file work-v3.txt (compact mmCIF, C-alpha atoms)
# COMPACT_ATOMS: atom_id res chain seq x y z
CA MET A 1 26.02 26.04 41.29
CA SER A 2 25.07 29.56 40.35
CA GLU A 3 21.65 30.58 39.06
CA LEU A 4 23.11 31.57 35.65
CA ALA A 5 24.77 28.17 35.12
CA LEU A 6 21.56 26.37 36.09
CA THR A 7 19.49 28.47 33.64
CA LEU A 8 22.01 27.85 30.83
CA LEU A 9 21.90 24.13 31.58
CA ARG A 10 18.09 24.15 31.38
CA PHE A 11 18.13 25.96 28.00
CA GLY A 12 20.78 23.57 26.68
CA PHE A 13 18.66 20.58 27.69
CA LEU A 14 15.59 22.14 26.08
CA LEU A 15 17.55 22.76 22.87
CA LEU A 16 18.75 19.14 22.77
CA LEU A 17 15.19 17.92 23.35
CA TRP A 18 13.85 19.96 20.42
CA LEU A 19 16.70 18.78 18.21
CA PHE A 20 15.78 15.17 19.01
CA VAL A 21 12.10 15.80 18.19
CA LEU A 22 13.01 17.39 14.83
CA LEU A 23 15.29 14.46 13.95
CA VAL A 24 12.51 11.96 14.73
CA VAL A 25 9.98 13.89 12.62
CA SER A 26 12.38 14.10 9.66
CA ALA A 27 13.14 10.36 9.89
CA LEU A 28 9.42 9.51 9.92
CA ARG A 29 8.76 11.79 6.99
CA ARG A 30 11.60 10.24 5.00
CA ASP A 31 10.34 6.71 5.75
CA LEU A 32 6.75 7.46 4.73
CA ALA A 33 7.64 9.19 1.47
CA ALA A 34 7.87 7.15 -1.73
CA PRO A 35 11.37 6.64 -3.10
CA SER A 36 12.15 9.15 -5.83
CA SER A 37 13.38 6.36 -8.10
CA ALA A 38 10.08 4.45 -7.87
CA PRO A 39 8.18 4.46 -11.16
CA VAL A 40 4.56 5.58 -11.02
CA ALA A 41 1.85 3.45 -12.60
CA THR A 42 -0.12 5.18 -15.32
CA THR A 43 -3.85 5.68 -14.96
CA GLY A 44 -4.72 4.70 -18.53
CA THR A 45 -4.08 0.98 -18.13
CA ALA A 46 -7.55 0.15 -16.82
CA THR A 47 -9.36 1.71 -19.76
CA THR A 48 -7.57 -0.19 -22.54
CA ARG A 49 -10.08 -2.45 -24.25
CA GLU A 50 -9.58 -5.75 -25.95
CA PRO A 51 -11.25 -6.44 -29.25
CA LYS A 52 -14.56 -8.23 -28.68
CA SER A 53 -13.51 -11.03 -31.03
CA ARG A 54 -10.80 -12.10 -28.58
CA LYS A 55 -12.30 -13.98 -25.67
CA ARG A 56 -10.35 -14.78 -22.55
CA ARG A 57 -10.05 -18.43 -21.77
CA ALA A 58 -11.35 -19.60 -18.40
CA LYS A 59 -7.88 -20.69 -17.28
CA ASP A 60 -6.52 -17.15 -17.78
CA THR A 61 -8.94 -15.62 -15.31
CA ALA A 62 -7.88 -15.13 -11.71
CA ARG A 63 -10.15 -16.97 -9.30
CA LYS A 64 -8.47 -16.29 -5.96
CA LEU A 65 -6.36 -13.75 -4.11
CA VAL A 66 -3.59 -15.38 -2.08
CA VAL A 67 -1.67 -13.72 0.78
CA VAL A 68 1.98 -14.65 0.17
CA GLU A 69 3.73 -12.67 2.95
CA GLY A 70 2.63 -10.96 6.13
CA SER A 71 0.61 -11.84 9.21
CA LEU A 72 -2.13 -13.49 7.10
CA ALA A 73 0.27 -15.58 4.95
CA GLY A 74 -1.50 -18.57 3.43
CA THR A 75 -4.95 -16.94 3.43
CA VAL A 76 -6.90 -17.56 0.21
CA LEU A 77 -9.79 -15.27 -0.76
CA PRO A 78 -12.01 -16.61 -3.57
CA LEU A 79 -12.83 -13.96 -6.16
CA GLY A 80 -16.23 -13.55 -7.75
CA THR A 81 -17.80 -10.64 -9.57
CA SER A 82 -17.94 -8.19 -6.68
CA PRO A 83 -15.16 -5.76 -5.69
CA VAL A 84 -12.73 -6.65 -2.91
CA THR A 85 -11.72 -3.96 -0.40
CA LEU A 86 -8.40 -4.34 1.45
CA GLY A 87 -7.60 -2.49 4.67
CA ARG A 88 -7.68 -2.46 8.47
CA ALA A 89 -11.35 -1.46 8.87
CA ALA A 90 -13.80 -4.12 10.01
CA ASP A 91 -16.05 -3.55 6.96
CA CYS A 92 -13.30 -4.45 4.46
CA THR A 93 -13.55 -7.71 2.53
CA LEU A 94 -10.08 -8.74 3.72
CA VAL A 95 -9.13 -7.16 7.05
CA LEU A 96 -5.35 -6.68 7.30
CA ASP A 97 -3.50 -6.85 10.60
CA ASP A 98 -0.78 -4.50 9.36
CA ASP A 99 0.27 -1.22 10.98
CA TYR A 100 1.31 0.18 7.58
CA ALA A 101 -2.11 -0.36 5.98
CA SER A 102 -4.81 2.33 6.02
CA SER A 103 -8.36 1.60 7.19
CA HIS A 104 -9.63 1.47 3.58
CA HIS A 105 -6.35 1.00 1.73
CA SER A 106 -7.20 -0.26 -1.75
CA ARG A 107 -9.88 -1.87 -3.88
CA LEU A 108 -9.66 -4.70 -6.40
CA TYR A 109 -12.52 -5.02 -8.89
CA PRO A 110 -13.25 -6.98 -12.07
CA HIS A 111 -13.28 -5.12 -15.39
CA GLU A 112 -13.66 -6.81 -18.79
CA GLY A 113 -12.08 -10.10 -17.76
CA THR A 114 -9.22 -8.56 -15.77
CA TRP A 115 -8.81 -7.39 -12.19
CA VAL A 116 -8.15 -3.69 -11.66
CA LEU A 117 -6.41 -2.35 -8.56
CA GLU A 118 -7.15 1.11 -7.20
CA ASP A 119 -5.48 2.85 -4.26
CA LEU A 120 -8.05 4.57 -2.03
CA GLY A 121 -5.83 7.44 -0.87
CA SER A 122 -3.71 5.38 1.51
CA THR A 123 -0.86 6.92 3.48
CA ASN A 124 1.89 4.45 2.58
CA GLY A 125 0.70 3.59 -0.91
CA THR A 126 -0.13 0.43 -2.79
CA TRP A 127 2.64 -1.19 -4.83
CA ILE A 128 2.68 -3.61 -7.76
CA ASP A 129 6.18 -5.05 -7.96
CA ARG A 130 8.20 -1.86 -7.30
CA THR A 131 5.73 0.50 -8.95
CA ARG A 132 3.47 2.71 -6.85
CA VAL A 133 -0.18 2.65 -7.90
CA THR A 134 -1.62 6.13 -8.38
CA GLY A 135 -4.72 5.30 -10.38
CA PRO A 136 -6.71 2.29 -11.59
CA THR A 137 -4.16 -0.30 -12.77
CA VAL A 138 -4.65 -3.76 -14.24
CA LEU A 139 -3.21 -6.45 -11.96
CA ALA A 140 -1.88 -9.46 -13.83
CA MET A 141 -1.82 -12.96 -12.38
CA GLY A 142 1.32 -13.70 -10.39
CA GLN A 143 2.32 -10.04 -9.95
CA PRO A 144 3.15 -9.24 -6.33
CA LEU A 145 0.79 -6.65 -4.82
CA ARG A 146 2.21 -5.07 -1.65
CA ILE A 147 0.27 -3.21 1.01
CA GLY A 148 2.50 -2.38 3.95
CA ARG A 149 4.18 -5.64 4.97
CA THR A 150 1.54 -7.82 3.32
CA VAL A 151 2.08 -9.25 -0.18
CA PHE A 152 -0.72 -10.69 -2.35
CA GLU A 153 -0.92 -12.48 -5.70
CA LEU A 154 -3.76 -13.25 -8.07
CA ARG A 155 -3.93 -16.94 -8.96
CA ALA A 156 -6.13 -19.16 -11.10

call {"tool": "encode", "arguments": {"input": "work-v3.txt", "output": "structure tokens"}}
result
Amino acid sequence: MSELALTLLRFGFLLLLWLFVLLVVSALRRDLAAPSSAPVATTGTATTREPKSRKRRAKDTARKLVVVEGSLAGTVLPLGTSPVTLGRAADCTLVLDDDYASSHHSRLYPHEGTWVLEDLGSTNGTWIDRTRVTGPTVLAMGQPLRIGRTVFELRA
């Protein structure tokens, strides 16, 4: 085989290798991006106030966070008055064994008788139903909260 043919073969292989790398990067980017049809949660939902004359009944208040799907399915976390941090870091309240969760993914905290969910700048986002959370959002009981492959629900 001549030197010219060998050099052309090397450049062709190098070109195919770079093409493969670019295809992998574009596929990863497409998978990590939020779907364009996904609605975005508004940030004003956490600041809406109830009239003080209306009191929440004790049975309407969420008392536990239940893992419905994922590697920790069946785990029940009792809720009190302190915030709950969800993520992969060891200092989180609930440590997730999920590759799609960030180290400090999101925070759930009580506010005027409700629980408010806040995304902490995670890579893959925090989702309530099919809505991406972009700011503090009230989480109702029974609504599915998804972080990566893990799904949670607030229950009484």

call {"tool": "atom_distance", "arguments": {"input": "work-v3.txt", "atom1": "CA of Asp129 (chain A)", "atom2": "CA of Arg149 (chain A)"}}
result
13.1 Å

call {"tool": "residues_around", "arguments": {"input": "work-v3.txt", "residues": "region 73-90 of chain A", "least_positions_apart": "3", "cutoff": "9 Å", "atoms": "all atoms listed in the file", "output": "compact mmCIF listing (two decimals) with C-alpha atoms, in the frame of the given file"}}
result
# COMPACT_ATOMS: atom_id res chain seq x y z
CA ALA A 62 -7.88 -15.13 -11.71
CA ARG A 63 -10.15 -16.97 -9.30
CA LYS A 64 -8.47 -16.29 -5.96
CA LEU A 65 -6.36 -13.75 -4.11
CA VAL A 66 -3.59 -15.38 -2.08
CA VAL A 67 -1.67 -13.72 0.78
CA VAL A 68 1.98 -14.65 0.17
CA GLU A 69 3.73 -12.67 2.95
CA GLY A 70 2.63 -10.96 6.13
CA THR A 93 -13.55 -7.71 2.53
CA LEU A 94 -10.08 -8.74 3.72
CA VAL A 95 -9.13 -7.16 7.05
CA LEU A 96 -5.35 -6.68 7.30
CA ASP A 97 -3.50 -6.85 10.60
CA ASP A 98 -0.78 -4.50 9.36
CA ASP A 99 0.27 -1.22 10.98
CA ALA A 101 -2.11 -0.36 5.98
CA SER A 102 -4.81 2.33 6.02
CA SER A 103 -8.36 1.60 7.19
CA HIS A 104 -9.63 1.47 3.58
CA HIS A 105 -6.35 1.00 1.73
CA SER A 106 -7.20 -0.26 -1.75
CA ARG A 107 -9.88 -1.87 -3.88
CA LEU A 108 -9.66 -4.70 -6.40
CA TYR A 109 -12.52 -5.02 -8.89
CA PRO A 110 -13.25 -6.98 -12.07
CA ILE A 147 0.27 -3.21 1.01
CA THR A 150 1.54 -7.82 3.32
CA VAL A 151 2.08 -9.25 -0.18
CA PHE A 152 -0.72 -10.69 -2.35

call {"tool": "atom_distance", "arguments": {"input": "work-v3.txt", "atom1": "CA of Thr137 (chain A)", "atom2": "CA of Gly113 (chain A)"}}
result
13.6 Å

call {"tool": "atom_distance", "arguments": {"input": "work-v3.txt", "atom1": "CA of Leu145 (chain A)", "atom2": "CA of Leu28 (chain A)"}}
result
23.5 Å

call {"tool": "closest_residue", "arguments": {"input": "work-v3.txt", "among": "A:Thr126, A:Leu23, A:Thr61, A:Ala156", "to": "Pro144 (chain A)", "atoms": "all atoms listed in the file"}}
result
A:Thr126

call {"tool": "residues_near_point", "arguments": {"input": "work-v3.txt", "point": "(-8.7, -0.8, -11.4)", "cutoff": "7 Å", "atoms": "only C-alpha atoms", "output": "PyMOL selection string"}}
result
chain A and resi 46+108-109+115-118+136-138

call {"tool": "closest_residue", "arguments": {"input": "work-v3.txt", "among": "A:Leu32, A:Leu8, A:Leu22, A:Leu17", "to": "Asn124 (chain A)", "atoms": "all atoms listed in the file"}}
result
A:Leu32
